[in-house]
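Text of final16.csv, listed as CSV, C-alpha atoms (C1' of nucleotides):
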```
chain,number,residue,atom,x,y,z
A,1,MET,CA,-16.8,-6.9,-0.7
A,2,GLN,CA,-17.3,-7.5,3.0
A,3,GLY,CA,-18.4,-4.0,3.5
A,4,GLU,CA,-20.6,-4.0,0.5
A,5,LEU,CA,-22.3,-7.2,1.5
A,6,ASN,CA,-22.9,-6.1,5.1
A,7,ALA,CA,-24.2,-2.8,3.9
A,8,HIS,CA,-26.6,-4.5,1.5
A,9,LEU,CA,-27.8,-7.0,4.1
A,10,SER,CA,-28.4,-4.1,6.6
A,11,ARG,CA,-30.3,-2.1,4.1
A,12,GLN,CA,-32.4,-5.0,3.0
A,13,MET,CA,-33.2,-5.9,6.6
A,14,SER,CA,-34.3,-2.4,7.7
A,15,ALA,CA,-36.1,-1.9,4.4
A,16,ASP,CA,-38.6,-4.7,4.6
A,17,SER,CA,-38.7,-5.3,8.3
A,18,ASP,CA,-38.2,-2.3,10.6
A,19,ILE,CA,-35.4,-3.9,12.7
A,20,SER,CA,-31.7,-3.7,12.2
A,21,MET,CA,-29.2,-6.5,11.9
A,22,ALA,CA,-28.3,-6.0,15.5
A,23,ASP,CA,-31.9,-6.3,16.6
A,24,PHE,CA,-32.1,-9.4,14.5
A,25,ALA,CA,-29.1,-11.0,16.0
A,26,VAL,CA,-30.5,-10.5,19.5
A,27,LEU,CA,-33.9,-11.8,18.5
A,28,VAL,CA,-32.4,-14.9,16.9
A,29,GLN,CA,-30.6,-15.7,20.2
A,30,LEU,CA,-33.9,-15.4,22.0
A,31,THR,CA,-35.9,-17.5,19.7
A,32,ASP,CA,-33.2,-20.1,19.8
A,33,THR,CA,-33.8,-20.6,23.5
A,34,PRO,CA,-36.7,-22.9,24.7
A,35,ASP,CA,-38.4,-20.4,27.0
A,36,GLU,CA,-37.4,-17.3,25.1
A,37,ARG,CA,-35.6,-15.8,28.0
A,38,VAL,CA,-31.8,-15.3,28.3
A,39,ARG,CA,-29.5,-13.8,30.8
A,40,VAL,CA,-28.0,-10.6,29.6
A,41,LEU,CA,-24.4,-11.6,29.9
A,42,GLU,CA,-25.0,-14.9,28.2
A,43,LEU,CA,-26.5,-12.9,25.4
A,44,ALA,CA,-23.4,-10.8,25.3
A,45,ARG,CA,-21.1,-13.8,25.2
A,46,SER,CA,-23.0,-15.6,22.4
A,47,LEU,CA,-23.1,-12.5,20.3
A,48,ASN,CA,-19.5,-11.6,21.2
A,49,TRP,CA,-20.6,-8.1,22.2
A,50,GLU,CA,-19.4,-6.3,25.2
A,51,LYS,CA,-21.8,-6.0,28.1
A,52,SER,CA,-22.1,-2.3,27.7
A,53,ARG,CA,-23.1,-2.6,24.1
A,54,ILE,CA,-25.7,-5.2,24.9
A,55,SER,CA,-27.1,-3.1,27.7
A,56,HIS,CA,-27.5,0.0,25.6
A,57,HIS,CA,-29.0,-2.0,22.8
A,58,LEU,CA,-31.4,-3.8,25.0
A,59,GLY,CA,-32.5,-0.4,26.3
A,60,ARG,CA,-33.4,0.7,22.9
A,61,MET,CA,-35.1,-2.6,22.0
A,62,VAL,CA,-37.2,-2.4,25.2
A,63,LYS,CA,-38.2,1.1,24.3
A,64,ARG,CA,-39.5,-0.2,21.0
A,65,GLY,CA,-41.3,-3.1,22.6
A,66,LEU,CA,-39.3,-5.9,21.0
A,67,VAL,CA,-38.0,-7.4,24.2
A,68,ALA,CA,-38.6,-6.8,28.0
A,69,ARG,CA,-36.3,-7.0,31.0
A,70,GLU,CA,-37.1,-9.3,33.9
A,71,GLY,CA,-35.4,-9.6,37.2
A,72,CYS,CA,-33.6,-12.8,38.1
A,73,ALA,CA,-34.7,-14.6,41.3
A,74,SER,CA,-31.7,-16.9,41.7
A,75,ASP,CA,-29.2,-14.1,41.3
A,76,GLY,CA,-30.1,-10.8,42.7
A,77,ARG,CA,-27.9,-8.7,40.4
A,78,GLY,CA,-28.7,-10.5,37.2
A,79,SER,CA,-31.6,-10.0,34.8
A,80,TYR,CA,-33.3,-11.8,32.0
A,81,VAL,CA,-34.3,-10.6,28.6
A,82,VAL,CA,-37.5,-12.0,27.3
A,83,LEU,CA,-39.1,-11.9,23.8
A,84,THR,CA,-42.3,-10.0,23.5
A,85,GLN,CA,-45.2,-10.7,21.1
A,86,GLN,CA,-44.0,-7.8,19.0
A,87,GLY,CA,-40.5,-9.1,19.0
A,88,ARG,CA,-41.6,-12.5,17.9
A,89,ALA,CA,-43.7,-11.0,15.1
A,90,ALA,CA,-40.7,-8.9,14.0
A,91,ILE,CA,-38.3,-11.7,13.7
A,92,GLU,CA,-40.8,-14.0,12.0
A,93,ALA,CA,-41.4,-11.3,9.4
A,94,ALA,CA,-37.7,-10.6,8.9
A,95,ALA,CA,-36.1,-14.1,9.0
A,96,PRO,CA,-37.3,-15.6,5.7
A,97,ARG,CA,-36.5,-12.7,3.6
A,98,HIS,CA,-33.1,-12.3,5.2
A,99,ALA,CA,-32.3,-16.0,4.6
A,100,GLU,CA,-33.4,-15.6,1.0
A,101,THR,CA,-31.3,-12.6,0.5
A,102,VAL,CA,-28.2,-14.3,1.9
A,103,HIS,CA,-28.7,-17.3,-0.4
A,104,HIS,CA,-29.3,-15.0,-3.4
A,105,LEU,CA,-26.2,-12.9,-2.7
A,106,VAL,CA,-23.8,-15.6,-1.6
A,107,PHE,CA,-24.6,-19.3,-1.7
A,108,ASP,CA,-26.4,-19.3,-5.1
A,109,LEU,CA,-23.2,-18.0,-6.6
A,110,LEU,CA,-20.9,-20.5,-5.1
A,111,GLY,CA,-20.3,-24.2,-5.9
A,112,ASP,CA,-20.1,-26.7,-3.1
A,113,GLU,CA,-16.3,-26.8,-3.2
A,114,GLU,CA,-16.2,-23.0,-3.0
A,115,VAL,CA,-18.4,-22.9,0.0
A,116,ALA,CA,-16.2,-25.6,1.5
A,117,ALA,CA,-13.1,-23.5,0.7
A,118,LEU,CA,-14.6,-20.4,2.2
A,119,ARG,CA,-15.5,-22.2,5.3
A,120,SER,CA,-12.0,-23.7,5.6
A,121,ILE,CA,-10.4,-20.3,5.1
A,122,SER,CA,-12.7,-18.6,7.6
A,123,GLU,CA,-12.0,-21.2,10.2
A,124,LYS,CA,-8.2,-20.8,9.8
A,125,ILE,CA,-8.4,-17.1,10.2
A,126,PHE,CA,-10.9,-17.3,13.1
A,127,THR,CA,-8.7,-19.8,14.9
A,128,ARG,CA,-5.7,-17.6,14.5
A,129,LEU,CA,-7.7,-14.7,15.9
A,130,THR,CA,-9.0,-16.4,18.9
A,131,THR,CA,-5.9,-18.4,19.9
A,132,GLY,CA,-3.4,-17.2,22.4
A,133,GLU,CA,-0.6,-15.3,20.7
A,134,CYS,CA,-2.7,-12.4,19.4
A,135,ALA,CA,-3.0,-11.5,23.0
A,136,ALA,CA,0.4,-10.0,22.6
A,137,VAL,CA,-1.0,-7.1,20.7
A,138,VAL,CA,-4.3,-6.8,22.4
A,139,ALA,CA,-4.9,-7.6,26.1
A,140,ARG,CA,-8.3,-9.3,25.9
A,141,CYS,CA,-8.7,-12.6,24.0
A,142,ASP,CA,-11.3,-14.7,25.6
A,143,ALA,CA,-10.7,-18.0,23.7
A,144,ASP,CA,-14.2,-18.4,22.3
A,145,ASP,CA,-16.0,-21.1,20.4
A,146,PRO,CA,-14.3,-21.6,17.0
A,147,VAL,CA,-17.3,-23.3,15.4
A,148,GLU,CA,-19.8,-20.6,14.4
A,149,VAL,CA,-17.8,-19.5,11.4
A,150,VAL,CA,-19.3,-19.2,8.0
A,151,ALA,CA,-22.6,-20.9,8.8
A,152,GLN,CA,-23.4,-18.7,11.7
A,153,GLU,CA,-25.2,-16.1,9.7
A,154,CYS,CA,-27.1,-18.4,7.5
A,155,GLY,CA,-27.8,-20.9,10.2
A,156,GLY,CA,-29.2,-18.2,12.4
A,157,ALA,CA,-31.5,-17.0,9.7
A,158,GLU,CA,-32.8,-20.4,8.9
A,159,ALA,CA,-33.7,-21.2,12.5
B,160,MET,CA,-14.8,-14.4,11.4
B,161,GLN,CA,-15.4,-11.1,9.4
B,162,GLY,CA,-16.4,-9.3,12.5
B,163,GLU,CA,-13.6,-10.7,14.6
B,164,LEU,CA,-11.0,-9.8,12.0
B,165,ASN,CA,-12.2,-6.3,11.6
B,166,ALA,CA,-12.4,-5.8,15.3
B,167,HIS,CA,-8.9,-7.1,15.7
B,168,LEU,CA,-7.5,-4.9,12.9
B,169,SER,CA,-9.2,-1.8,14.4
B,170,ARG,CA,-7.9,-2.4,17.9
B,171,GLN,CA,-4.4,-3.0,16.6
B,172,MET,CA,-4.5,0.1,14.5
B,173,SER,CA,-5.7,2.4,17.3
B,174,ALA,CA,-3.5,0.7,19.8
B,175,ASP,CA,-0.2,1.5,18.1
B,176,SER,CA,-1.0,4.5,16.1
B,177,ASP,CA,-3.7,6.9,17.3
B,178,ILE,CA,-5.8,6.8,14.2
B,179,SER,CA,-8.7,4.6,13.3
B,180,MET,CA,-9.2,2.4,10.3
B,181,ALA,CA,-11.4,5.1,8.9
B,182,ASP,CA,-8.8,7.7,9.3
B,183,PHE,CA,-6.3,5.3,7.7
B,184,ALA,CA,-8.5,4.8,4.7
B,185,VAL,CA,-8.8,8.5,4.1
B,186,LEU,CA,-5.1,9.0,4.5
B,187,VAL,CA,-4.2,6.2,2.1
B,188,GLN,CA,-6.3,7.9,-0.5
B,189,LEU,CA,-4.5,11.1,0.0
B,190,THR,CA,-1.0,9.7,-0.1
B,191,ASP,CA,-1.9,7.8,-3.2
B,192,THR,CA,-2.5,11.1,-5.0
B,193,PRO,CA,0.5,12.9,-6.5
B,194,ASP,CA,-0.1,16.3,-4.9
B,195,GLU,CA,-1.8,15.0,-1.8
B,196,ARG,CA,-5.0,16.9,-2.4
B,197,VAL,CA,-8.3,15.3,-3.4
B,198,ARG,CA,-11.8,16.6,-4.0
B,199,VAL,CA,-14.1,15.6,-1.2
B,200,LEU,CA,-16.6,13.8,-3.4
B,201,GLU,CA,-14.0,11.9,-5.3
B,202,LEU,CA,-12.8,10.8,-1.9
B,203,ALA,CA,-16.3,9.7,-1.0
B,204,ARG,CA,-16.6,7.7,-4.2
B,205,SER,CA,-13.3,5.9,-4.0
B,206,LEU,CA,-14.0,4.9,-0.4
B,207,ASN,CA,-17.6,4.1,-1.3
B,208,TRP,CA,-18.8,6.3,1.6
B,209,GLU,CA,-21.7,8.6,1.4
B,210,LYS,CA,-20.9,12.3,1.2
B,211,SER,CA,-22.4,13.0,4.6
B,212,ARG,CA,-20.2,10.5,6.2
B,213,ILE,CA,-17.1,11.8,4.6
B,214,SER,CA,-18.0,15.3,5.5
B,215,HIS,CA,-18.5,14.5,9.2
B,216,HIS,CA,-15.3,12.4,9.3
B,217,LEU,CA,-13.2,15.1,7.6
B,218,GLY,CA,-14.5,17.6,10.2
B,219,ARG,CA,-13.2,15.4,12.9
B,220,MET,CA,-9.9,14.8,11.1
B,221,VAL,CA,-9.4,18.5,10.6
B,222,LYS,CA,-10.0,19.1,14.2
B,223,ARG,CA,-7.2,16.7,15.0
B,224,GLY,CA,-4.9,18.2,12.5
B,225,LEU,CA,-4.6,15.2,10.2
B,226,VAL,CA,-5.9,16.9,7.1
B,227,ALA,CA,-7.0,20.4,6.1
B,228,ARG,CA,-9.7,21.8,3.9
B,229,GLU,CA,-9.0,24.1,1.0
B,230,GLY,CA,-11.3,25.9,-1.3
B,231,CYS,CA,-11.5,25.0,-5.0
B,232,ALA,CA,-10.8,27.8,-7.5
B,233,SER,CA,-12.2,26.1,-10.6
B,234,ASP,CA,-15.5,25.1,-8.9
B,235,GLY,CA,-16.9,27.5,-6.4
B,236,ARG,CA,-18.9,24.9,-4.5
B,237,GLY,CA,-16.2,22.2,-4.3
B,238,SER,CA,-13.4,21.9,-1.9
B,239,TYR,CA,-10.1,20.0,-1.6
B,240,VAL,CA,-8.8,18.0,1.3
B,241,VAL,CA,-5.0,18.1,1.8
B,242,LEU,CA,-2.7,16.0,3.8
B,243,THR,CA,-0.9,17.8,6.7
B,244,GLN,CA,2.5,17.1,8.1
B,245,GLN,CA,0.9,15.5,11.0
B,246,GLY,CA,-1.3,13.4,8.8
B,247,ARG,CA,1.6,12.2,6.8
B,248,ALA,CA,3.5,11.3,10.0
B,249,ALA,CA,0.5,9.4,11.2
B,250,ILE,CA,0.0,7.2,8.2
B,251,GLU,CA,3.7,6.5,7.8
B,252,ALA,CA,3.7,5.3,11.4
B,253,ALA,CA,0.6,3.2,11.0
B,254,ALA,CA,1.0,1.6,7.6
B,255,PRO,CA,3.8,-0.9,8.1
B,256,ARG,CA,2.4,-2.4,11.2
B,257,HIS,CA,-1.0,-2.6,9.7
B,258,ALA,CA,0.3,-4.4,6.7
B,259,GLU,CA,2.3,-6.7,8.9
B,260,THR,CA,-0.8,-7.5,10.9
B,261,VAL,CA,-2.8,-8.3,7.9
B,262,HIS,CA,-0.2,-10.7,6.6
B,263,HIS,CA,0.1,-12.3,9.9
B,264,LEU,CA,-3.6,-12.8,10.4
B,265,VAL,CA,-4.6,-13.7,6.9
B,266,PHE,CA,-2.1,-14.3,4.2
B,267,ASP,CA,0.5,-16.2,6.2
B,268,LEU,CA,-2.2,-18.8,6.9
B,269,LEU,CA,-3.4,-19.3,3.4
B,270,GLY,CA,-1.8,-21.1,0.5
B,271,ASP,CA,-1.6,-19.5,-2.9
B,272,GLU,CA,-4.6,-21.5,-4.2
B,273,GLU,CA,-6.6,-20.5,-1.1
B,274,VAL,CA,-5.9,-16.8,-1.7
B,275,ALA,CA,-6.9,-17.3,-5.3
B,276,ALA,CA,-10.1,-19.0,-4.2
B,277,LEU,CA,-10.9,-16.3,-1.8
B,278,ARG,CA,-10.3,-13.6,-4.4
B,279,SER,CA,-12.5,-15.4,-6.9
B,280,ILE,CA,-15.3,-15.9,-4.4
B,281,SER,CA,-15.1,-12.3,-3.3
B,282,GLU,CA,-15.2,-11.1,-6.9
B,283,LYS,CA,-18.3,-13.2,-7.6
B,284,ILE,CA,-20.2,-11.8,-4.7
B,285,PHE,CA,-19.0,-8.3,-5.3
B,286,THR,CA,-20.1,-8.4,-8.9
B,287,ARG,CA,-23.5,-9.6,-7.9
B,288,LEU,CA,-23.8,-6.8,-5.3
B,289,THR,CA,-22.9,-4.1,-7.7
B,290,THR,CA,-24.7,-5.3,-10.8
B,291,GLY,CA,-28.1,-4.2,-11.7
B,292,GLU,CA,-30.7,-6.5,-10.3
B,293,CYS,CA,-30.1,-5.9,-6.7
B,294,ALA,CA,-31.6,-2.5,-7.4
B,295,ALA,CA,-34.9,-4.3,-7.1
B,296,VAL,CA,-34.5,-4.4,-3.4
B,297,VAL,CA,-32.7,-1.2,-2.8
B,298,ALA,CA,-33.1,1.9,-4.9
B,299,ARG,CA,-29.5,3.1,-5.2
B,300,CYS,CA,-26.9,0.9,-6.9
B,301,ASP,CA,-24.2,2.9,-8.5
B,302,ALA,CA,-22.5,0.3,-10.6
B,303,ASP,CA,-19.0,0.8,-9.1
B,304,ASP,CA,-15.6,-0.5,-10.0
B,305,PRO,CA,-15.5,-4.3,-9.4
B,306,VAL,CA,-11.8,-4.6,-9.2
B,307,GLU,CA,-10.8,-3.5,-5.7
B,308,VAL,CA,-11.9,-6.7,-4.0
B,309,VAL,CA,-9.6,-8.8,-1.8
B,310,ALA,CA,-6.5,-6.8,-2.6
B,311,GLN,CA,-8.0,-3.5,-1.7
B,312,GLU,CA,-7.1,-3.7,2.0
B,313,CYS,CA,-3.7,-5.2,1.5
B,314,GLY,CA,-2.9,-3.1,-1.5
B,315,GLY,CA,-3.8,0.1,0.3
B,316,ALA,CA,-1.6,-0.9,3.3
B,317,GLU,CA,1.4,-1.7,1.1
B,318,ALA,CA,1.3,1.5,-0.8
C,319,DC,C1',-19.2,-12.5,60.8
C,320,DA,C1',-16.4,-8.9,58.3
C,321,DA,C1',-13.4,-7.3,54.8
C,322,DC,C1',-12.6,-8.0,50.1
C,323,DC,C1',-12.9,-8.7,45.6
C,324,DA,C1',-15.1,-10.6,41.5
C,325,DT,C1',-19.4,-10.5,38.8
C,326,DG,C1',-23.8,-8.7,36.5
C,327,DG,C1',-25.3,-4.9,34.8
C,328,DA,C1',-26.5,0.2,34.1
C,329,DT,C1',-25.0,4.8,32.9
C,330,DG,C1',-22.9,9.0,30.7
C,331,DA,C1',-19.5,10.9,27.6
C,332,DT,C1',-17.7,10.7,23.3
C,333,DG,C1',-16.7,9.1,18.5
C,334,DT,C1',-18.9,7.4,14.5
C,335,DG,C1',-22.5,6.3,10.6
C,336,DT,C1',-27.1,7.3,8.4
C,337,DC,C1',-30.9,9.9,6.9
C,338,DA,C1',-33.1,14.0,5.7
C,339,DA,C1',-33.0,18.6,4.9
C,340,DC,C1',-30.5,22.7,3.5
C,341,DT,C1',-27.2,26.2,1.0
C,342,DA,C1',-24.6,27.6,-2.6
C,343,DT,C1',-22.8,27.1,-7.1
C,344,DT,C1',-22.9,25.5,-11.7
C,345,DC,C1',-25.2,23.8,-15.8
C,346,DC,C1',-28.7,23.8,-19.2
C,347,DC,C1',-32.4,25.2,-21.9
C,348,DG,C1',-35.7,28.4,-23.4
D,349,DC,C1',-30.4,36.6,-19.9
D,350,DG,C1',-33.6,34.2,-16.5
D,351,DG,C1',-35.2,30.2,-14.3
D,352,DG,C1',-35.1,25.6,-13.1
D,353,DA,C1',-32.4,21.4,-12.4
D,354,DA,C1',-28.4,19.0,-11.0
D,355,DT,C1',-24.1,19.0,-8.2
D,356,DA,C1',-20.8,19.7,-4.1
D,357,DG,C1',-20.8,20.1,0.3
D,358,DT,C1',-22.6,21.1,5.2
D,359,DT,C1',-25.6,20.5,9.1
D,360,DG,C1',-28.6,18.5,12.7
D,361,DA,C1',-31.0,14.7,14.6
D,362,DC,C1',-30.8,10.2,15.7
D,363,DA,C1',-29.0,5.2,16.0
D,364,DC,C1',-25.1,2.8,17.3
D,365,DA,C1',-20.4,1.3,19.6
D,366,DT,C1',-16.8,2.0,23.0
D,367,DC,C1',-14.7,3.4,27.1
D,368,DA,C1',-14.6,4.4,31.8
D,369,DT,C1',-17.0,4.5,35.8
D,370,DC,C1',-20.3,3.2,39.0
D,371,DC,C1',-23.4,0.3,42.0
D,372,DA,C1',-25.3,-3.7,43.9
D,373,DT,C1',-25.0,-8.4,44.9
D,374,DG,C1',-22.5,-12.6,45.5
D,375,DG,C1',-18.7,-15.5,46.8
D,376,DT,C1',-14.4,-16.1,49.4
D,377,DT,C1',-11.2,-15.9,52.9
D,378,DG,C1',-9.6,-14.6,57.4
```

As structure tokens, how would this structure be written, given the file I've shared?
Amino acid sequence: MQGELNAHLSRQMSADSDISMADFAVLVQLTDTPDERVRVLELARSLNWEKSRISHHLGRMVKRGLVAREGCASDGRGSYVVLTQQGRAAIEAAAPRHAETVHHLVFDLLGDEEVAALRSISEKIFTRLTTGECAAVVARCDADDPVEVVAQECGGAEA
Amino acid sequence: MQGELNAHLSRQMSADSDISMADFAVLVQLTDTPDERVRVLELARSLNWEKSRISHHLGRMVKRGLVAREGCASDGRGSYVVLTQQGRAAIEAAAPRHAETVHHLVFDLLGDEEVAALRSISEKIFTRLTTGECAAVVARCDADDPVEVVAQECGGAEA
DNA sequence: CAACCATGGATGATGTGTCAACTATTCCCG
DNA sequence: CGGGAATAGTTGACACATCATCCATGGTTG
């Protein structure tokens, strides 16, 4: 189900906008910031991507004109990503239809108590995943924010 | 949560076996077949992968000795995939630990009624995804088997 | 101040997924 | 039988993710 849902959302997204889910996620972060400029590593952290991934992906987005890089005055090694006009246009076109799709495919089907149950289940698993003892298996567990669970996707889309 | 869980399972899998989740999925299908040989396209259908993906992936798996290709006598254009000794060894090593991880990260945390709720929710969404009217957005909806929902992952691992 | 190490970020190689052709065989219909 | 279709599968180009490595700057300690 997971796979099917993600596949469907991806196809829908790149069918009627021409950005991917990944692009969308980046753009959401940018529009959620007052001045539409974010430090690269902060972006990586809030998306839970590794810095290499964000760097490559930003490269492609820059090439397509969705965002631009900007040097950082206060920290010589850092850099900002800023939203371009084109980027803003892209996300404004994509967001409503994406939100609609999510509602159509998920929340319309579920009663309030089911949504609540799903949220609770997701939170339990997420907490397990990001809390200490899984570090036994894998080295890197960064103890992240356990709040952006079910609602993350939908909330991002509605912003 | 979804992303985090998948990431964790992937890392665990390639940490203590040296196969990926995708390899694992293929190998499961093969071991689930009496004579351990499957037609390529049937493999694609049961994994819900497109044929191109399965073809590329099989190429890599052949190169690593996990499976082998074999011509098909009854249909000149078709071909079989067969499990090799090494492939069998790989999945036998990987399966128990994977199943254990899934239980540890998911089912141990959930009561019976939560598992039931999750299954029900997943089935609802899955049915929506694979039933007719989503074809309005995307052209290709193949009306697939709506049964392998929550249990697919766990069931495959336990086989 | 100098040596050192941690941090922010970019880069290249490689593995993986998708899309669009393309080939070869089989099926079907006249 | 001959000529399309449909089917099984491969291939190449490209987008994407991961890993290891690298570089520059910044902070820390002596």

Practice item. Give as a PyMOL selection string every residue of chain A that touches chain C within 8 Å, counting all atoms listed in the file. Key: chain A and resi 41+51+55+77-78

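Rounded to one decimal, atom CA of Ala181 of chain B and atom CA of Gln161 of chain B lie 16.7 Å from each other.
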
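In plain terms, chain D touches chain A through DA363, DC364, DA365, DT366, DC367, DA368, DT369, DC371, DA372, DT373, DG374 and DG375 of chain D, where touching means an atom at most 12 Å away, counting all atoms listed in the file.
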
Practice item. Give as an MDAnalysis selection string every residue, naming chains and numbers as the document does, that has an atom within 12 Å of (-0.6, -17.7, 10.5), counting only C-alpha atoms (C1' of nucleotides). Key: (chainID A and resid 121 123:131 133:134) or (chainID B and resid 259:270)

Review point. Which residues come within 12 Å of Gln244 of chain B, counting all atoms listed in the file, excluding same-chain residues fewer than 2 positions away, as an MDAnalysis selection string?
Key: chainID B and resid 186 190 195 223:227 241:242 246:251

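When only C-alpha atoms are used to measure the gap to chain B, the shortest distance among A:Ala99, A:Ala117, A:Ala44, A:Ala25 belongs to A:Ala117.
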
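For the residues B:Leu189, B:Ala275, B:Met160, B:Val197, ranking by smallest atom-to-atom distance to chain A using all atoms listed in the file places B:Met160 first.
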
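If you look at atom CA of Leu47 of chain A and atom CA of Met21 of chain A, they are 12.0 Å away from each other.
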
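With only C-alpha atoms as the atoms that count, the residue of B:Thr192, B:Asn207, B:Ser176, B:Ser233 with the shortest distance to chain A is B:Asn207.
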
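You can rank B:Glu163, B:Asp182, B:Asp194, B:Glu201 by their closest distance to chain A using all atoms listed in the file, and at the top of that list sits B:Glu163.
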
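Atom CA of Leu164 of chain B is positioned 19.0 Å from atom CA of Asp177 of chain B.
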
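Restricting the calculation to all atoms listed in the file, the smallest distance between chain B and any of A:Ala73, A:Ala15, A:Ala95, A:Met61 is found for A:Ala15.
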
Can you take the partial segment 77-92 of chain A, add N, CA and C atoms, and return it as a compact mmCIF listing (two decimals), keeping the file's coordinate frame?
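Dumped everything to selection_12.txt:
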```txt
# COMPACT_ATOMS: atom_id res chain seq x y z
N ARG A 77 -28.36 -9.80 41.28
CA ARG A 77 -27.90 -8.70 40.40
C ARG A 77 -28.17 -8.96 38.97
N GLY A 78 -28.48 -10.20 38.58
CA GLY A 78 -28.70 -10.50 37.20
C GLY A 78 -30.05 -10.08 36.67
N SER A 79 -30.25 -10.19 35.36
CA SER A 79 -31.60 -10.00 34.80
C SER A 79 -31.73 -10.77 33.52
N TYR A 80 -32.97 -11.07 33.22
CA TYR A 80 -33.30 -11.80 32.00
C TYR A 80 -33.80 -10.83 30.95
N VAL A 81 -33.66 -11.24 29.71
CA VAL A 81 -34.30 -10.60 28.60
C VAL A 81 -35.33 -11.57 28.06
N VAL A 82 -36.53 -11.12 27.83
CA VAL A 82 -37.50 -12.00 27.30
C VAL A 82 -38.10 -11.42 25.99
N LEU A 83 -38.50 -12.33 25.12
CA LEU A 83 -39.10 -11.90 23.80
C LEU A 83 -40.53 -11.50 24.06
N THR A 84 -40.93 -10.42 23.44
CA THR A 84 -42.30 -10.00 23.50
C THR A 84 -43.07 -10.49 22.27
N GLN A 85 -44.37 -10.36 22.29
CA GLN A 85 -45.20 -10.70 21.10
C GLN A 85 -44.68 -9.96 19.89
N GLN A 86 -44.46 -8.69 20.12
CA GLN A 86 -44.00 -7.80 19.00
C GLN A 86 -42.67 -8.25 18.49
N GLY A 87 -41.80 -8.64 19.42
CA GLY A 87 -40.50 -9.10 19.00
C GLY A 87 -40.58 -10.36 18.18
N ARG A 88 -41.41 -11.27 18.64
CA ARG A 88 -41.60 -12.50 17.90
C ARG A 88 -42.15 -12.21 16.50
N ALA A 89 -43.11 -11.33 16.44
CA ALA A 89 -43.70 -11.00 15.10
C ALA A 89 -42.59 -10.39 14.22
N ALA A 90 -41.77 -9.52 14.80
CA ALA A 90 -40.70 -8.90 14.00
C ALA A 90 -39.78 -9.87 13.40
N ILE A 91 -39.30 -10.79 14.21
CA ILE A 91 -38.30 -11.70 13.70
C ILE A 91 -38.95 -12.69 12.70
N GLU A 92 -40.17 -13.08 12.97
CA GLU A 92 -40.80 -14.00 12.00
C GLU A 92 -41.05 -13.35 10.69
```
